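Only one structure is covered here, and it is reproduced in the block below.
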Amino acid sequence: MTDLLTVRDLHTTFHTRAGDVPAVNGVSFTMREGETLGIVGESGSGKSVTALSIMRLLPTPPAEITGQEVLFAGQDLLEMSQDQLRALRGNKMAMIFQDPMTSLNPVFKVGFQIAESVRMHMNLGPRDSWNRAVEMLDKVGIPNAARRANDYPHEFSGGMRQRVMIAIALSCNPSLLIADEPTTALDVTIQAQILELMRALSKEFQTAVMLITHDLGVIAGMAQQVLVMYAGRLVEATDTRTLFAKPAHPYTQALLHSIPRMDDAQNERLQPITGQPPDLLKMPVGCSFAPRCPKAQARCQRETPPLVEVGAGQRAACFFPY
Amino acid sequence: MADETMLATSMTTDALLDVQDLKVYFPMTGGLLQRGGAVRAVDGVNFTIRRGETLGLVGESGCGKSTTGRAILQLIPVTGGKVIFNGMDITKLSPKAVRQKRAEMQMVFQDPFSSLDPRYTVAQIIGEPLVNFKRGNNREIDQRIRELLSTVGLPTNSLNRYPHEFSGGQRQRVGLARALALNPSLLIADEPVSALDVSVQAQVLNLMEDLQQKLGLAYLFISHNLSVVRHISQRVAVMYLGRIVEITASRQLYAQPLHPYTKALLSAIPMPDPVLEATRQRIVLAGDLPSPVAPPSGCHFHPRCPRAQALGNPERCRQESPTLTMATLDHAVACHFPEA
Amino acid sequence: MLRFFLRRLIGLLFVVIGVTFVTYAMGYLAPNQDPIAALLGQHNTPQAYATLKHEYGLDKPWYIQYGTFLLNLAHGNLGLSYRYPGQSVNDFIGPAIAISIQLGLSALILALVLGIPSGIIAALRANTWVDTSLMSVMLFFYAVPAFVIIPFYQVLIDILVANNLPTLPVQGWSEGLTYKIVPVVILALTSMGYFARISRTVMLEVLRQDYVRTARSKGLSERRVIYLHAFRNALLPLLSVIGPSLAFLVSGAFVIEDLFNIPGVGGAAIQAVANRDWPVLQGTVVVLAVAVVIMNIVVDILYSVADPRIRIQ
Amino acid sequence: MTLPNVGVSEISTFDPALPSDLNSAEAIQLTFSGLVGLDPKTLNVVADMAQDVPSVANGEITNNGSTYTFKLKPGLKFSDGNPVTASDFAFSIDRSLDPRLKSNVATVYLGAIKGAMDRYAGTNGVTSIIGTGVVVVDPSTLQINLAQPVAYFLEAMTYSTSFAVEQSNASFTNAKWTDNAVGTGPFMLKEWVHSDHMTFVPNPYWYGAKSKITQITMPFIKDTEVAYKSYKAKELDMDGLGATITSADYADAKALPNHQLQEGPYLETNYVSPNWNIAPFNNQAVRQAFAYATDRDTIAKTVLKDSVYSTDHIVPNGMPGYFAGLQGLAFNPTKAKQLLTSVYPDPTKVPAITLTYPDVGDNKAVALELQSEYTQYLGVTIQLNGEDFNKLVNDVYGNNIQFYMLAWIADYPDPQDWLSLQFTKNAPNNTMNFNDPNFDALTNKADVEQNQATRFTEYNQAEELAVDEVAWIPFSQNKNTYVVQPWVSGFTVDAGGLIPDSVWANVYVTQH
Amino acid sequence: MDTDRYLEPDTAPTQLTQEYLMEESLEPGLHSTSPWRDSFRRFLRDKRAVGALVLLAIFILASLFLLPIYEHIGPVISERHGFVHIGPAKYHSPTYVDNLVENAPASSLHWLGTNYAGQDIFARLLAGIQVSLFVAVIVVGVMDVGLGIIFGVLAGYYGGILDTLLARFTDLIFAFPGLLFAVLVTGLFRQAALDRFGNDGPLYLVAITLGLTIWPQMARYVRGQTLSLKEQQFIEASRTIGTSSNQIILRHILPNILSLIFVAATLDISGTIINEGVLSLIGLGVQAPGSSLGLMIQESLANIPYFPMEAILPSLTLTIIVLAFSFIGDGLRDAFDPRSKD
């Protein structure tokens, strides 16, 4: 497998009246073709901003995206003009979002919203692009696709809308699909359907998936590689089995222990992480997890630990891993 | 924790709360010329909660679990059935008497941001119930507020701060302190941690557990998160489209679910264990949750029910609404063909 | 659809009965409001007075008078003017309505055509100097009433006339296009400022929406994102403010019609109050109220066309 | 040419039987005409469609002044080419009185004709006065019989209620007939855009000298200032029909080059009137005190910048029967104060006084000046009340108003219109409740007196009584001010504010 | 598990309760800020709004305090109209008519000159501002806000018949085109008002009429806000802790919608001042010799070609006042709802 996406030292800063918010702070990773990469983190950890920065979908200003490079299929996205980017977006790299209720334009038919993308990137006529839209709807499991293509988003349930979003995203056979919390707004049984669908389709279309979620369970079931983010930084990056079997970073460890699990001994006391995630406006010097870290030492409060190899294929940003 | 004994003892005590055939219908009214049906949000719900016990109420969005919680507190008009609290049916009480009764059962809300009045300080928020029920003079109330703050683990310098200065987890603690102010015996917690970050959820869950122990509270813990419910509840009721489909001890439910819906629900939860996930057998339900305005006939679950499909879609599921019946001791299920 | 129209019809009926009854009651309750005496003036003789009073049916009890009015109204007949003997109110306000509609619609269109793009431009350049200066101008026009602008305009015209420079006409309406420019522009200013401000707010709100991000993530051109995806949605709240903004236009038209000597309904209504010409006033009130209600229905229909989530049923 | 009709947004009526206002009369005058008219300079009655003016001398007034005979000019035609005969006039006069028309002026001008009052009210079974009041002797001779002799009848006949309308054209029930009205005047209606303007073209069948004007456009302009601005912007060929140039514009108009401003007396007297029935004006000394305290010269010269004449007369200068030697109650603050203190030693004890004025044109400035004068010279407090003109008229005629400002414009050039119609005990205009039997006796006599000189003397005596006892406090007579663009020649307006038919023959417009 | 430590709740925090304490994120040194104070601080950042507020304050103070002072500034004129010793109290009164100085230019005697009737324009401007403010206070301050809050909150909170009545009444007022209702009422009852209350009568009438037409809109707005506030969980929370409906309205709903009402009211003031101007302009407002900005504009119209300043001064004053209220309204809205700005 070859590298599809290489991100090197990505920084995204929001310039607000209250001050500069370093939402993404030096993130580097690589994604291979066809692979599913999970990014996990709490709200405000910068996982969504990372994805939006790669797509360059953030309004600038207030956002400012800098970095060494973001190579996608050999091209540096950071160097591209908006026109070049537009040719890629929706075509070679597509994205689906958290809230299917608001992510579709309420005033256009879903068929139109799929066909629009197809028509633009695949140079198809109106009829062909519409047929492609119907085909995609059928593929994502919407019954009576030909008829439903003429319906408006509000006539679909949340799960169905997320299917439509997936249809839009996959309509041009992208090599990268970024899914930003695709199931957070859905009920558990619907979440299972959507995840199942994504698994099947990414296999069928040979699409690499960047799956952003706060749910470690979803990561465990979907991803081959995992990135753990905390306060804008990457704190751990490894393959999924290693992460759950042998987490290196104290944050990852704490996270795994703080959530109630279906498979643990029932009523075992949870081990919460003390304190709150840091305010990005007032980032502590040193390791940003240090104030909450049970293992923190003086050095952690002084220096920011770099993301380094701590084991085979396992990188962590901690002076005292494991 | 000595779970078994706890269950055994609580069974011998009287029920603190006994909900009998509770119905809440929302009329769909339009203008002068519109006729409306009714949304059967809660359609004949029965359960009991014993003193000091946590009953988990799980279900997907729109199944009526929050409505049930609110109906118990008489925050919304009850269409039918009884809510017997401490031996008294409170659905028949006057509004004034209901207000008095509410001192004994309190609620914790889902949204830590909208559940606190942004223009009130923490002291005013926590003090409001005390003032309402005239629990002492100013000094006593102030003393009690400080006590409550420490109970929920907030520093005393929070007193004169406003909600917007707190994080979600801290606000939930303020909400808890307010709910505890009147020393209630029942706390209805409506998705109390679902709006919180995962790393903070555990803090609030632990706090709730500690408070229960310390104050002998009973919880009705409403949530869509089965892991959380499993963790905190002694007994769990599963709701689907306004009805309870299964109710039993937590351990029993997760180990041996009888209702096909419960089974599907449990199998849909992703586990944070890649090895397990890779081998797990999943029941993926077909279709969407039907609308509570026009629920399916007979058993509400039958159009999506894998068991009904496996049995060749028996007529009975379509015709007859299954009642909640005891399958084993303390394990009730509403299914014509429960799985053994 | 039928139910929608039936419901709106009942609303319309209520409004018509309401406004006419209030108008009627006011005229009935107010002291010293004898239309016959006003009509006769210096030529008032007991004989003429009695004859006219009978002719206009004013010797009957009030409820008969009002009932007769409603009955005639049901046949589309607004009665006879007191002030203009022998003239039916229909004939009288017919041309006035045509002119007012012309004035109002021209101003509305101008206000929309200028206001909405300004708002969109400001939203796209939010918090830049373009936004600030454009919105300051729009706020000025929104806040400053026509009757304050007109004196400035007249001073300007006088300067132009004094220096033999070309000017636009200072009064009149039907002689030609040049006569219509200034009244329409001045009437449009307030609404233009309003639409610009609303458009900016709405556009900013829409641009924040997830579906706009979705559109961008599909690689659509920025123009398509803004003018198709965002604007189609911004149109909805804009449509819903057009109805109420008609009230603005009508009250603005009162002053404009008065000061530019435009024979529209605004002026007719003011004159009718002064003349105690109840039939004409009733007619004006009914026609204007019905116009406002109808415009609101039209807006509702447009809204349901523009927003697939709303269907008239 | 453009001839604006200023002060209204639409004329009240274009039916000759109906006009009660000058604005309507201006338009009617162009299209309709009668048997007799007025000389633009002297305001004497002259022949129009009649061959001559009836008089005792020419034998056309007989029966002690109760029978008038009119001989029509030969070959008269309506503007549609149909001939005009005596029966057309009989029809027109009878029609004006028809109750269906609801004319509120017909009885004022035609009430003296035998049977007219019954015809108007529909009483005593009178449904027509043709053959009784108006008799068609032959197609070119019309005889009118009066119920009793009245000396001002010919003047009244110059009013449009006796103008000719065509039987096949004029409707009794459909007011819209006037949209296509046919008349006998020098012009005929070409187009009427309601509430906007009227257009007239010369009547090809007009008996008199043809006008050189090929078209008259008559826009309705509500505001006098706007009209003047429009004139200055050269959008109008003239402005000020009906003396509508305001005092604010007067100085400007006076300074216009080429003597564009024409001025002369206008038959309109402005006055304030105290109500004799309401305190404090139930006392003659108080009324006189107010009259003496009225500084007319200041009003005319300072406040209104000479745009009016100061006057203490009731009958205006320029009227036949004007009383040049009248001794009015000229401004005398000392005497005023004396008179008031003779009744109210403490001026603050004077009952509350509200001066109601019509809030148009210069009236507010005058009201403010009067308020200031009465406050200064009499020490009384005056409350002002600016009203819509129509509303004030309604109030004055319908309710007793304590103290009001109004003006009177001649209906026809005879003192009867200024005295008998105003101040006799039951006169419709006696809204100030003037009450003097001597006055009634004098005017009753004069009204029927056939000798013009004797008549006028009697009226003069009556006028003096009304002034002395303070029926009105006249303060100004309007000027007949109007502006005409330099490129218009031969245009004049008479002292009554109308353009007599004969004027048009001389009007022409040069290139500009 | 050791549960003994919970037996004494007020003992010092144990190791386990440490996990609840988050003192470090509470910055103990800083004073806590109430939402009101936050908004105030944000308002102060809006230079345009603060400038408008200062300007408006100057106008208000000038109209209230400068007018009486102005009436004491100036020489005594020895002779006029045969009367001696006329002091500034007279010729600087906004109502004093002096036909000898009509349309006079600005001078040391009449700071901004005089109008067509020789009245002092500066004094009339100040009096006109007073009228505008009086109308604004009565209409918006008393009727708009007062009735709007009472009916809006009650209709929104309780719904039912009151809600229906409000909706119907609002429909009716909305259907009355533009100012027609105000024209109708003021036209018909002006005389009665003058008779009853003298010179100020028409002003009261205008104020009451405008108030009558404006409050239903405010009530509808307040109703909407109440309805959406009612959905907030803290209202429900208040009910669960036994707060009565009246107290919920007083303690939770009112304080939370007050800021929005503030903004709406500020913007309504502009509209009301304009409407008073329109009524004065068509002769239905303040009675001469009284003063109002609309009346001043109306009186100046005939004189525009000759004395344009007589029209420009009141127009400019009105423009400034109306704009100032608009700026303040915008500033308040941004201050109370920071998101609205962008």
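By order in the structure tokens, chains are A, B, ...; within a chain, residues start at 1; ligands start at 1, following the order shown.
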
Residues of chain E within 10 Å of chain D, using only C-alpha atoms, as a ChimeraX atom specification?
/E:81-83,95-102,116-118,187-188,190-191,194-195,198-199,202,282-284,286-290,299,301-307

Sel. of alpha helix (DSSP H) residues, range 69-115 of chain B, as a ChimeraX atom specification:
/B:69-72,95-101

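A straight line drawn from CA of Ser45 in chain A to CA of Ala195 in chain B is 15.9 Å long.
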
Sorted per-residue table, chain C near chain E, closest atoms and distance, 8 Å, only C-alpha atoms, as JSON lines:
```
{"residue": "C:Val15", "atom": "CA", "partner": "E:Leu172", "partner_atom": "CA", "distance": 5.8}
{"residue": "C:Gly18", "atom": "CA", "partner": "E:Leu172", "partner_atom": "CA", "distance": 6.4}
{"residue": "C:Val19", "atom": "CA", "partner": "E:Leu172", "partner_atom": "CA", "distance": 6.6}
{"residue": "C:Thr23", "atom": "CA", "partner": "E:Leu184", "partner_atom": "CA", "distance": 7.6}
{"residue": "C:Met26", "atom": "CA", "partner": "E:Val185", "partner_atom": "CA", "distance": 7.0}
{"residue": "C:Gly27", "atom": "CA", "partner": "E:Leu188", "partner_atom": "CA", "distance": 7.2}
{"residue": "C:Ala30", "atom": "CA", "partner": "E:Leu188", "partner_atom": "CA", "distance": 5.8}
{"residue": "C:Pro31", "atom": "CA", "partner": "E:Ala192", "partner_atom": "CA", "distance": 7.2}
{"residue": "C:Gln33", "atom": "CA", "partner": "E:Leu188", "partner_atom": "CA", "distance": 7.7}
{"residue": "C:Ala126", "atom": "CA", "partner": "E:Asp342", "partner_atom": "CA", "distance": 6.9}
{"residue": "C:Asn127", "atom": "CA", "partner": "E:Asp342", "partner_atom": "CA", "distance": 7.6}
{"residue": "C:Leu139", "atom": "CA", "partner": "E:Ser326", "partner_atom": "CA", "distance": 7.8}
{"residue": "C:Phe140", "atom": "CA", "partner": "E:Leu323", "partner_atom": "CA", "distance": 6.7}
{"residue": "C:Ala143", "atom": "CA", "partner": "E:Leu323", "partner_atom": "CA", "distance": 5.8}
{"residue": "C:Val144", "atom": "CA", "partner": "E:Thr319", "partner_atom": "CA", "distance": 5.7}
{"residue": "C:Pro145", "atom": "CA", "partner": "E:Ile274", "partner_atom": "CA", "distance": 6.5}
{"residue": "C:Phe147", "atom": "CA", "partner": "E:Val278", "partner_atom": "CA", "distance": 7.3}
{"residue": "C:Val148", "atom": "CA", "partner": "E:Ser315", "partner_atom": "CA", "distance": 5.2}
{"residue": "C:Ile149", "atom": "CA", "partner": "E:Ser315", "partner_atom": "CA", "distance": 7.8}
{"residue": "C:Pro151", "atom": "CA", "partner": "E:Ala311", "partner_atom": "CA", "distance": 6.3}
{"residue": "C:Phe152", "atom": "CA", "partner": "E:Ile312", "partner_atom": "CA", "distance": 6.8}
{"residue": "C:Gln154", "atom": "CA", "partner": "E:Ile304", "partner_atom": "CA", "distance": 7.2}
{"residue": "C:Val155", "atom": "CA", "partner": "E:Ile304", "partner_atom": "CA", "distance": 6.2}
{"residue": "C:Asp158", "atom": "CA", "partner": "E:Pro305", "partner_atom": "CA", "distance": 5.7}
{"residue": "C:Thr201", "atom": "CA", "partner": "E:Ser340", "partner_atom": "CA", "distance": 7.5}
{"residue": "C:Leu204", "atom": "CA", "partner": "E:Asp342", "partner_atom": "CA", "distance": 6.6}
{"residue": "C:Ala247", "atom": "CA", "partner": "E:Gly178", "partner_atom": "CA", "distance": 5.1}
{"residue": "C:Phe248", "atom": "CA", "partner": "E:Gly178", "partner_atom": "CA", "distance": 6.5}
{"residue": "C:Leu249", "atom": "CA", "partner": "E:Gly178", "partner_atom": "CA", "distance": 7.8}
{"residue": "C:Val250", "atom": "CA", "partner": "E:Gly178", "partner_atom": "CA", "distance": 5.2}
{"residue": "C:Ser251", "atom": "CA", "partner": "E:Gly178", "partner_atom": "CA", "distance": 4.1}
{"residue": "C:Gly252", "atom": "CA", "partner": "E:Gly178", "partner_atom": "CA", "distance": 7.8}
{"residue": "C:Phe254", "atom": "CA", "partner": "E:Leu179", "partner_atom": "CA", "distance": 7.9}
{"residue": "C:Val255", "atom": "CA", "partner": "E:Val278", "partner_atom": "CA", "distance": 7.1}
{"residue": "C:Ala269", "atom": "CA", "partner": "E:Leu180", "partner_atom": "CA", "distance": 7.4}
{"residue": "C:Ile270", "atom": "CA", "partner": "E:Val183", "partner_atom": "CA", "distance": 7.0}
{"residue": "C:Val273", "atom": "CA", "partner": "E:Leu184", "partner_atom": "CA", "distance": 6.1}
{"residue": "C:Ala274", "atom": "CA", "partner": "E:Gly187", "partner_atom": "CA", "distance": 6.9}
{"residue": "C:Val285", "atom": "CA", "partner": "E:Phe176", "partner_atom": "CA", "distance": 6.9}
{"residue": "C:Leu288", "atom": "CA", "partner": "E:Pro177", "partner_atom": "CA", "distance": 6.0}
{"residue": "C:Ala289", "atom": "CA", "partner": "E:Ala175", "partner_atom": "CA", "distance": 4.9}
{"residue": "C:Val290", "atom": "CA", "partner": "E:Ala175", "partner_atom": "CA", "distance": 7.8}
{"residue": "C:Val292", "atom": "CA", "partner": "E:Ala175", "partner_atom": "CA", "distance": 6.5}
{"residue": "C:Val293", "atom": "CA", "partner": "E:Ala175", "partner_atom": "CA", "distance": 7.0}
```

Compile the residues of chain B that lie within 8 Å of chain A, evaluated using only C-alpha atoms, and express the compilation as JSON, numbers by chain.
{"B": [1, 60, 61, 167, 197, 198, 199, 200, 201, 202, 203, 206, 224, 227, 228, 230, 231, 232, 251, 264, 265, 268, 269, 270, 271, 272, 273, 274, 275, 277, 278, 284, 285, 286, 288]}

Using only C-alpha atoms, pick whichever of B:Leu266, B:Lys23, B:Tyr261, B:Glu53 has the shortest atom-to-atom distance to Phe337 in chain B.
B:Tyr261

Select residues of chain A: the criterion is any atom within 8 Å of an atom of chain C, counting only C-alpha atoms; output as a CSV table (one decimal) with N, CA, C and O atoms, in the first residue's frame.
```csv
chain,number,residue,atom,x,y,z
A,55,MET,N,-9.0,19.5,4.3
A,55,MET,CA,-9.9,19.9,3.2
A,55,MET,C,-9.8,21.4,2.9
A,55,MET,O,-10.4,21.8,1.9
A,57,LEU,N,-11.4,23.7,4.4
A,57,LEU,CA,-12.7,24.2,4.4
A,57,LEU,C,-13.0,25.2,5.5
A,57,LEU,O,-14.1,25.7,5.7
A,83,ASP,N,-9.1,26.9,-6.8
A,83,ASP,CA,-9.6,26.2,-7.9
A,83,ASP,C,-9.1,24.8,-8.0
A,83,ASP,O,-9.9,23.8,-8.2
A,85,LEU,N,-8.0,23.1,-5.5
A,85,LEU,CA,-8.6,22.4,-4.4
A,85,LEU,C,-10.0,21.9,-4.7
A,85,LEU,O,-10.4,20.8,-4.4
A,86,ARG,N,-10.8,22.8,-5.3
A,86,ARG,CA,-12.2,22.5,-5.6
A,86,ARG,C,-12.3,21.3,-6.5
A,86,ARG,O,-13.2,20.5,-6.4
A,87,ALA,N,-11.3,21.2,-7.4
A,87,ALA,CA,-11.3,20.0,-8.3
A,87,ALA,C,-11.1,18.7,-7.6
A,87,ALA,O,-11.5,17.7,-8.0
A,88,LEU,N,-10.4,18.8,-6.4
A,88,LEU,CA,-10.2,17.6,-5.6
A,88,LEU,C,-11.3,17.3,-4.7
A,88,LEU,O,-11.7,16.2,-4.5
A,89,ARG,N,-11.8,18.4,-4.1
A,89,ARG,CA,-12.9,18.2,-3.1
A,89,ARG,C,-14.1,17.6,-3.7
A,89,ARG,O,-14.6,18.0,-4.8
A,90,GLY,N,-14.7,16.7,-3.0
A,90,GLY,CA,-15.9,16.0,-3.5
A,90,GLY,C,-15.6,15.0,-4.6
A,90,GLY,O,-16.4,14.3,-5.0
A,91,ASN,N,-14.4,15.1,-5.1
A,91,ASN,CA,-14.0,14.3,-6.2
A,91,ASN,C,-13.0,13.2,-5.7
A,91,ASN,O,-13.4,12.0,-5.5
A,94,ALA,N,-13.5,13.3,-0.1
A,94,ALA,CA,-14.9,13.8,0.2
A,94,ALA,C,-15.0,13.7,1.7
A,94,ALA,O,-14.2,13.2,2.4
A,95,MET,N,-16.1,14.4,2.2
A,95,MET,CA,-16.3,14.5,3.6
A,95,MET,C,-17.7,14.3,4.0
A,95,MET,O,-18.6,14.7,3.3
A,96,ILE,N,-17.9,13.6,5.1
A,96,ILE,CA,-19.3,13.6,5.7
A,96,ILE,C,-19.2,14.2,7.1
A,96,ILE,O,-18.2,14.1,7.8
A,97,PHE,N,-20.3,14.7,7.6
A,97,PHE,CA,-20.3,15.5,8.8
A,97,PHE,C,-21.2,14.8,9.9
A,97,PHE,O,-21.9,13.9,9.7
A,102,THR,N,-28.6,18.7,9.5
A,102,THR,CA,-28.3,20.1,9.0
A,102,THR,C,-27.3,20.1,7.8
A,102,THR,O,-27.0,21.1,7.2
A,103,SER,N,-26.7,18.9,7.5
A,103,SER,CA,-25.7,19.0,6.5
A,103,SER,C,-26.2,18.9,5.1
A,103,SER,O,-25.4,19.2,4.2
A,104,LEU,N,-27.4,18.6,4.9
A,104,LEU,CA,-28.0,18.6,3.6
A,104,LEU,C,-28.8,19.9,3.4
A,104,LEU,O,-29.4,20.4,4.3
A,105,ASN,N,-28.7,20.4,2.2
A,105,ASN,CA,-29.4,21.7,1.9
A,105,ASN,C,-30.9,21.4,1.9
A,105,ASN,O,-31.4,20.6,1.0
A,106,PRO,N,-31.7,22.1,2.7
A,106,PRO,CA,-33.1,21.7,2.9
A,106,PRO,C,-33.9,22.0,1.6
A,106,PRO,O,-35.0,21.5,1.5
A,107,VAL,N,-33.5,22.9,0.8
A,107,VAL,CA,-34.3,23.3,-0.3
A,107,VAL,C,-34.1,22.6,-1.6
A,107,VAL,O,-34.7,23.0,-2.6
A,117,SER,N,-22.7,17.2,-7.6
A,117,SER,CA,-21.3,16.8,-7.4
A,117,SER,C,-20.8,16.0,-8.6
A,117,SER,O,-19.7,16.2,-9.1
A,120,MET,N,-20.3,17.9,-11.8
A,120,MET,CA,-19.2,18.8,-11.8
A,120,MET,C,-17.9,18.0,-12.0
A,120,MET,O,-17.0,18.5,-12.7
A,152,TYR,N,-37.1,15.7,-0.7
A,152,TYR,CA,-36.3,16.7,-0.1
A,152,TYR,C,-35.7,16.1,1.2
A,152,TYR,O,-36.3,15.2,1.8
A,154,HIS,N,-35.9,16.8,4.3
A,154,HIS,CA,-36.7,16.7,5.4
A,154,HIS,C,-37.6,15.5,5.4
A,154,HIS,O,-38.3,15.1,6.4
A,168,ILE,N,-23.4,11.1,-1.5
A,168,ILE,CA,-22.8,12.3,-2.1
A,168,ILE,C,-21.3,12.1,-2.0
A,168,ILE,O,-20.6,12.3,-3.0
A,169,ALA,N,-20.8,11.7,-0.9
A,169,ALA,CA,-19.3,11.7,-0.7
A,169,ALA,C,-18.7,10.6,-1.6
A,169,ALA,O,-17.6,10.9,-2.1
```

Would you list the contacts of Leu241 in chain B as a ChimeraX atom specification, taking every protein, DNA or RNA residue within 10 Å and counting only C-alpha atoms, but skipping same-chain residues closer than 6 positions in sequence?
/B:40-43,59-65,289-293,295-296,300-301

Restricting it to C-alpha atoms, dump the selection as a PDB file, in the first residue's frame.
```
ATOM      1  CA  ARG B  40     -48.727   8.577  22.120  1.00  0.00           C
ATOM      2  CA  ALA B  41     -45.447   9.501  23.719  1.00  0.00           C
ATOM      3  CA  VAL B  42     -45.948   7.247  26.718  1.00  0.00           C
ATOM      4  CA  ASP B  43     -48.455   4.489  26.197  1.00  0.00           C
ATOM      5  CA  GLY B  59     -34.260   3.566  24.689  1.00  0.00           C
ATOM      6  CA  GLU B  60     -33.622   5.396  21.481  1.00  0.00           C
ATOM      7  CA  SER B  61     -34.625   8.972  20.839  1.00  0.00           C
ATOM      8  CA  GLY B  62     -38.352   9.498  20.721  1.00  0.00           C
ATOM      9  CA  CYS B  63     -39.181   6.351  22.675  1.00  0.00           C
ATOM     10  CA  GLY B  64     -40.781   8.370  25.479  1.00  0.00           C
ATOM     11  CA  LYS B  65     -38.199   7.901  28.198  1.00  0.00           C
ATOM     12  CA  LEU B 289     -37.609   3.969  14.206  1.00  0.00           C
ATOM     13  CA  PRO B 290     -41.295   4.423  13.295  1.00  0.00           C
ATOM     14  CA  SER B 291     -42.991   7.683  14.179  1.00  0.00           C
ATOM     15  CA  PRO B 292     -44.855   7.690  17.507  1.00  0.00           C
ATOM     16  CA  VAL B 293     -47.702   9.513  15.738  1.00  0.00           C
ATOM     17  CA  PRO B 295     -46.904   3.459  15.542  1.00  0.00           C
ATOM     18  CA  PRO B 296     -47.132   0.027  13.906  1.00  0.00           C
ATOM     19  CA  HIS B 300     -44.678  -1.854  17.876  1.00  0.00           C
ATOM     20  CA  PHE B 301     -41.408  -3.595  17.081  1.00  0.00           C
TER      21      PHE B 301
END
```

If you run DSSP on the backbone, which residues of range 71-174 of chain B are strand (DSSP E or B), as a PyMOL selection string?
chain B and resi 80-85+88-89+105-108

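All chain B residues having an atom within 6 Å of chain E, based on only C-alpha atoms, amount to Arg99, Ser114, Ser115, Leu116, Asp117, Pro129, Gly153, Leu154, Arg161 and Lys214 of chain B.
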
Can you measure CA of Thr158 in chain D to CA of Val53 in chain D for me? One decimal in Å is fine.
11.2 Å

Please find the residues of chain C near chain B - the criterion being any atom within 9 Å, counting only C-alpha atoms - and write them as a ChimeraX atom specification.
/C:3,6-7

Selection to disk with N, CA and C atoms, as a JSON list (two decimals), in the first residue's frame:
```json
[["chain", "number", "residue", "atom", "x", "y", "z"],
["C", 3, "ARG", "N", -57.92, 24.12, 2.36],
["C", 3, "ARG", "CA", -58.02, 24.46, 3.77],
["C", 3, "ARG", "C", -57.21, 25.72, 4.07],
["C", 6, "LEU", "N", -59.20, 28.60, 2.84],
["C", 6, "LEU", "CA", -60.37, 28.79, 3.68],
["C", 6, "LEU", "C", -59.97, 29.49, 4.97],
["C", 7, "ARG", "N", -58.84, 29.03, 5.54],
["C", 7, "ARG", "CA", -58.38, 29.62, 6.80],
["C", 7, "ARG", "C", -57.99, 31.07, 6.58]]
```

Using only C-alpha atoms, find which residues of chain D lie within 6 Å of chain C and jot them down as a count of residues only.
9

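Excluding Met229 in chain A itself and any same-chain residue fewer than 2 positions from it, the protein and nucleic acid residues within 7 Å of it, counting only C-alpha atoms, are A:Val40, A:Gly41, A:Ser45, A:Gly46, A:Lys47, A:Leu227, A:Ala231, A:Gly232, A:Arg233, A:Leu234, A:Val235.
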
Identify, on the basis of only C-alpha atoms, every residue whose closest approach to Pro316 in chain D does not exceed 8 Å; exclude the query and any residue fewer than 4 positions from it along the same chain; express the result as an MDAnalysis selection string.
chainID D and resid 266:269 322 477
